[in-house]
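Some notes on the structure that comes next.
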Amino acid sequence: MSKTYAVIFAGGVGSRMSGADKPKQFLELGGEAIICHVIDKFEEAPCVDGIVIVCVEGWLDYLRDLLAQRGYHKVLASIPGGETGQESIFNGLSYIKRNKLADEDSVILIHDGVRPLIDCETIIACAESARNCGPTATVAPATETIVTVDGGKVVGVTDRAKCRLARAPQGFIFNELYGAHLRALEEGRRDFIDSISMMSEYGHEIFVVDGPEENIKITTPRDFLTFKGFVDLKEYEQIWR
C-alpha cells in the first residue's frame, strides 16, 4: 500500500490572539505547545508514515528546539512557510516532491497546526477515504441555524441537516493535489482558503468523513479557553470513571 504523509502548517502569527507574546501555535497548555498536541496525534496514528511541518519563518528555530525535546520519530522536516496558507501548503508538498518521499498515489493529509483536538480515528478515516474515494474533508455537524443575509435582511434559511462545518485534516492523493497547486500558480490564483476549495474549483468531487465536534481551530483567546476546557474534561473523566 502507498504511504501516507501529513503536512501540518503553522504559518500564522496569531494577530487575533490579543496579549500573546508568541504565535498561537506555540502557546502552551499543560506545559506543551499547541502544535505539539497536534503532532502527538499524527505521531500516534498508525496510518501516518511521515510528517512535514511548515512554520512561520521567524520561529523555525524555536519549533526545531521543541521537536528535538519531544524526540518525534515521524517528523521528517520543519521548513519555512509562505505568506499565505496556500503557499505554506505548497512549500510542504514541494519538499515531499523534491525529496521523492511520496509516490503519485500516496495520500497527503493537510492539517492546521492550531487544531489540536483531532483524534487518531478521524485521521485514519480521512486517509482511507482519500485513498478509496477521492479528496476528503473532515466535517462536523452544524448545530445552529444558518441563514443567508443580503442588505441587512435574511433572504434564505438553509436546512441545517444538510450543513456541515469544514474542519481538518483534509485528505488527497499526492499527484492530484500537487497538480492543482501548480495550476493555481500558473493561473495566478493565490486566494484559495484551503485545498478542498481549490480541488472543488478545479472540478474534483469532494467526499466527507465525520470528525469530533470539538475539533476547533484555535484563533482567539476564547478558542484557547475552549481547548483548555476539553482537556480538563478528559482529565476529570479519568478520575470519575
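All residue names refer to the C-alpha cells as shown: chains lettered A, B, ... in order, residues numbered from 1 in each chain, ligands numbered from 1 in order.
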
>> Quick one: residues within 7 Å of segment 111-114 of chain A, only C-alpha atoms, excluding same-chain residues fewer than 6 positions away - as a list in words?
In response: Val7, Ile8, Phe9, Ala10, Gln25, Ile34, Ile35, Val38, Ala168, Pro169, Gln170, Lys217 and Ile218 of chain A

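Residues surrounding Asp194 of chain A within 10 Å are Gly85, Gln86, Ile89, Ile110, Gln170 and Met199 of chain A [only C-alpha atoms; sequence separation below 5 positions excluded].
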
>> Quick one: residues within 9 Å of Glu144 of chain A, only C-alpha atoms, excluding same-chain residues fewer than 2 positions away - as a count of residues only?
In response: 3

>> Taking the DSSP secondary structure from the backbone, can you list the residues of chain A that are helix (DSSP H, G or I), as a PyMOL selection string?
In response: chain A and resi 24-26+34-44+57-70+85-98+120-132+160-162+174-186+195-201+221-240

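Between Glu128 of chain A and the residues A:Trp59, A:Phe42, A:Phe207, A:Tyr202, the shortest atom-to-atom distance, using only C-alpha atoms, involves A:Phe207.
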
>> Taking 4 positions as the minimum chain separation for residues in the same chain, which residues sit within 10 Å of Arg164 of chain A when counting only C-alpha atoms? Answer as a PyMOL selection string.
In response: chain A and resi 138-143+160+208+210

Save the residues we just selected, N, CA, C and O atoms, as a CSV table (one decimal), in the first residue's frame?
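Final output, saved to again02.csv:
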chain,number,residue,atom,x,y,z
A,138,THR,N,-12.7,16.6,6.4
A,138,THR,CA,-13.3,16.2,7.7
A,138,THR,C,-14.3,17.3,8.1
A,138,THR,O,-14.0,18.5,7.9
A,139,VAL,N,-15.5,16.9,8.6
A,139,VAL,CA,-16.5,17.8,8.9
A,139,VAL,C,-17.1,17.5,10.2
A,139,VAL,O,-16.9,16.5,10.8
A,140,ALA,N,-17.9,18.5,10.7
A,140,ALA,CA,-18.7,18.3,12.0
A,140,ALA,C,-20.1,18.9,11.7
A,140,ALA,O,-20.3,19.8,10.9
A,141,PRO,N,-21.1,18.4,12.4
A,141,PRO,CA,-22.5,18.9,12.2
A,141,PRO,C,-22.6,20.3,12.5
A,141,PRO,O,-21.9,20.9,13.5
A,142,ALA,N,-23.4,21.0,11.8
A,142,ALA,CA,-23.8,22.4,12.1
A,142,ALA,C,-24.9,22.3,13.2
A,142,ALA,O,-25.9,21.7,13.0
A,143,THR,N,-24.6,23.0,14.3
A,143,THR,CA,-25.6,22.8,15.5
A,143,THR,C,-26.5,24.0,15.6
A,143,THR,O,-27.3,24.1,16.5
A,160,ARG,N,-30.5,22.9,8.2
A,160,ARG,CA,-29.3,22.6,9.0
A,160,ARG,C,-28.9,21.2,8.9
A,160,ARG,O,-27.7,20.8,9.0
A,208,VAL,N,-16.6,13.4,2.3
A,208,VAL,CA,-16.5,13.8,3.7
A,208,VAL,C,-16.4,12.6,4.7
A,208,VAL,O,-16.9,11.6,4.4
A,210,ASP,N,-16.9,12.3,9.1
A,210,ASP,CA,-17.2,13.0,10.3
A,210,ASP,C,-16.1,13.0,11.3
A,210,ASP,O,-15.4,11.9,11.5

Kindly provide the residues of segment 86-196 of chain A that approach segment 46-57 of chain A to within 7 Å, each paired with its closest atom pair and their distance in Å to one decimal, based on only C-alpha atoms, listed by chain and increasing number, as CSV.
residue,atom,partner,partner_atom,distance
A:Ser88,CA,A:Val54,CA,6.3
A:Gly92,CA,A:Val54,CA,6.2
A:Ile124,CA,A:Cys47,CA,6.2

>> List as a ChimeraX atom specification the protein and nucleic acid residues near Ile96 of chain A, meaning an atom at most 10 Å away when only C-alpha atoms are counted, but skip any in the same chain fewer than 2 places from it.
In response: /A:5,7,50-52,76-77,90-94,98-103,108,174

> Of the candidates A:His37, A:Asn132, A:Cys163, A:Thr220, which one gets nearest to Val147 of chain A if we count only C-alpha atoms?
Replying inline: A:Cys163

DSSP on the backbone: which residues in segment 16-135 of chain A end up as strand (DSSP E or B)? Give the answer as a PDB file with N, CA, C and O atoms, in the first residue's frame.
ATOM      1  N   GLU A  28       1.147  27.466  25.267  1.00  0.00           N
ATOM      2  CA  GLU A  28       1.242  26.188  25.969  1.00  0.00           C
ATOM      3  C   GLU A  28       0.026  25.906  26.838  1.00  0.00           C
ATOM      4  O   GLU A  28      -0.585  26.810  27.411  1.00  0.00           O
ATOM      5  N   LEU A  29      -0.316  24.632  26.900  1.00  0.00           N
ATOM      6  CA  LEU A  29      -1.323  24.141  27.832  1.00  0.00           C
ATOM      7  C   LEU A  29      -0.759  22.877  28.475  1.00  0.00           C
ATOM      8  O   LEU A  29      -0.344  21.946  27.781  1.00  0.00           O
ATOM      9  N   GLU A  32       2.812  22.007  27.353  1.00  0.00           N
ATOM     10  CA  GLU A  32       3.034  21.516  25.994  1.00  0.00           C
ATOM     11  C   GLU A  32       2.451  22.494  24.989  1.00  0.00           C
ATOM     12  O   GLU A  32       1.305  22.923  25.117  1.00  0.00           O
ATOM     13  N   ALA A  33       3.235  22.868  23.994  1.00  0.00           N
ATOM     14  CA  ALA A  33       2.777  23.799  22.977  1.00  0.00           C
ATOM     15  C   ALA A  33       1.625  23.200  22.184  1.00  0.00           C
ATOM     16  O   ALA A  33       1.553  21.984  21.980  1.00  0.00           O
ATOM     17  N   GLY A  50       4.955   9.670   7.715  1.00  0.00           N
ATOM     18  CA  GLY A  50       5.874  10.777   7.899  1.00  0.00           C
ATOM     19  C   GLY A  50       5.135  12.093   8.013  1.00  0.00           C
ATOM     20  O   GLY A  50       3.994  12.225   7.555  1.00  0.00           O
ATOM     21  N   ILE A  51       5.789  13.076   8.644  1.00  0.00           N
ATOM     22  CA  ILE A  51       5.179  14.381   8.904  1.00  0.00           C
ATOM     23  C   ILE A  51       6.144  15.475   8.464  1.00  0.00           C
ATOM     24  O   ILE A  51       7.332  15.441   8.798  1.00  0.00           O
ATOM     25  N   VAL A  52       5.618  16.440   7.725  1.00  0.00           N
ATOM     26  CA  VAL A  52       6.375  17.639   7.365  1.00  0.00           C
ATOM     27  C   VAL A  52       5.655  18.829   7.986  1.00  0.00           C
ATOM     28  O   VAL A  52       4.446  18.985   7.817  1.00  0.00           O
ATOM     29  N   ILE A  53       6.393  19.657   8.711  1.00  0.00           N
ATOM     30  CA  ILE A  53       5.798  20.804   9.396  1.00  0.00           C
ATOM     31  C   ILE A  53       6.268  22.076   8.711  1.00  0.00           C
ATOM     32  O   ILE A  53       7.470  22.278   8.488  1.00  0.00           O
ATOM     33  N   VAL A  54       5.317  22.926   8.377  1.00  0.00           N
ATOM     34  CA  VAL A  54       5.612  24.199   7.720  1.00  0.00           C
ATOM     35  C   VAL A  54       5.338  25.305   8.727  1.00  0.00           C
ATOM     36  O   VAL A  54       4.221  25.436   9.232  1.00  0.00           O
ATOM     37  N   CYS A  55       6.353  26.097   9.029  1.00  0.00           N
ATOM     38  CA  CYS A  55       6.279  27.041  10.147  1.00  0.00           C
ATOM     39  C   CYS A  55       6.603  28.464   9.705  1.00  0.00           C
ATOM     40  O   CYS A  55       7.402  28.672   8.776  1.00  0.00           O
ATOM     41  N   VAL A  75       8.518  12.901  12.318  1.00  0.00           N
ATOM     42  CA  VAL A  75       8.741  14.230  11.737  1.00  0.00           C
ATOM     43  C   VAL A  75       9.965  14.187  10.847  1.00  0.00           C
ATOM     44  O   VAL A  75      11.086  13.961  11.308  1.00  0.00           O
ATOM     45  N   LEU A  76       9.738  14.402   9.565  1.00  0.00           N
ATOM     46  CA  LEU A  76      10.820  14.321   8.572  1.00  0.00           C
ATOM     47  C   LEU A  76      11.526  15.642   8.376  1.00  0.00           C
ATOM     48  O   LEU A  76      12.719  15.677   8.069  1.00  0.00           O
ATOM     49  N   ALA A  77      10.795  16.746   8.534  1.00  0.00           N
ATOM     50  CA  ALA A  77      11.395  18.060   8.284  1.00  0.00           C
ATOM     51  C   ALA A  77      10.502  19.142   8.863  1.00  0.00           C
ATOM     52  O   ALA A  77       9.293  18.981   9.017  1.00  0.00           O
ATOM     53  N   SER A  78      11.119  20.273   9.192  1.00  0.00           N
ATOM     54  CA  SER A  78      10.392  21.501   9.529  1.00  0.00           C
ATOM     55  C   SER A  78      10.956  22.573   8.608  1.00  0.00           C
ATOM     56  O   SER A  78      12.163  22.815   8.588  1.00  0.00           O
ATOM     57  N   ILE A  79      10.070  23.197   7.835  1.00  0.00           N
ATOM     58  CA  ILE A  79      10.512  24.103   6.773  1.00  0.00           C
ATOM     59  C   ILE A  79       9.765  25.428   6.873  1.00  0.00           C
ATOM     60  O   ILE A  79       8.710  25.517   7.508  1.00  0.00           O
ATOM     61  N   PRO A  80      10.301  26.482   6.225  1.00  0.00           N
ATOM     62  CA  PRO A  80       9.644  27.791   6.287  1.00  0.00           C
ATOM     63  C   PRO A  80       8.312  27.804   5.538  1.00  0.00           C
ATOM     64  O   PRO A  80       8.156  27.151   4.501  1.00  0.00           O
ATOM     65  N   VAL A 107      -1.033   9.167  -0.118  1.00  0.00           N
ATOM     66  CA  VAL A 107      -2.052  10.020   0.493  1.00  0.00           C
ATOM     67  C   VAL A 107      -1.369  11.156   1.243  1.00  0.00           C
ATOM     68  O   VAL A 107      -0.371  10.948   1.940  1.00  0.00           O
ATOM     69  N   ILE A 108      -1.918  12.357   1.080  1.00  0.00           N
ATOM     70  CA  ILE A 108      -1.430  13.530   1.790  1.00  0.00           C
ATOM     71  C   ILE A 108      -2.549  14.055   2.682  1.00  0.00           C
ATOM     72  O   ILE A 108      -3.669  14.307   2.213  1.00  0.00           O
ATOM     73  N   LEU A 109      -2.263  14.208   3.956  1.00  0.00           N
ATOM     74  CA  LEU A 109      -3.203  14.794   4.903  1.00  0.00           C
ATOM     75  C   LEU A 109      -2.735  16.207   5.240  1.00  0.00           C
ATOM     76  O   LEU A 109      -1.593  16.400   5.651  1.00  0.00           O
ATOM     77  N   ILE A 110      -3.608  17.177   5.055  1.00  0.00           N
ATOM     78  CA  ILE A 110      -3.291  18.573   5.365  1.00  0.00           C
ATOM     79  C   ILE A 110      -4.000  18.948   6.657  1.00  0.00           C
ATOM     80  O   ILE A 110      -5.220  18.753   6.785  1.00  0.00           O
ATOM     81  N   HIS A 111      -3.249  19.495   7.619  1.00  0.00           N
ATOM     82  CA  HIS A 111      -3.850  19.808   8.917  1.00  0.00           C
ATOM     83  C   HIS A 111      -3.295  21.119   9.466  1.00  0.00           C
ATOM     84  O   HIS A 111      -2.133  21.457   9.245  1.00  0.00           O
ATOM     85  N   ASP A 112      -4.152  21.829  10.201  1.00  0.00           N
ATOM     86  CA  ASP A 112      -3.752  23.083  10.843  1.00  0.00           C
ATOM     87  C   ASP A 112      -2.912  22.810  12.082  1.00  0.00           C
ATOM     88  O   ASP A 112      -3.250  21.938  12.904  1.00  0.00           O
TER      89      ASP A 112
END

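Between atom CA of Ala6 of chain A and atom CA of Ala127 of chain A the separation is 9.8 Å.
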
> In terms of the shortest atom-to-atom distance over only C-alpha atoms, which of A:Glu83, A:Gly151, A:Asp40, A:Ile123 is closest to Arg190 of chain A?
Replying inline: A:Glu83
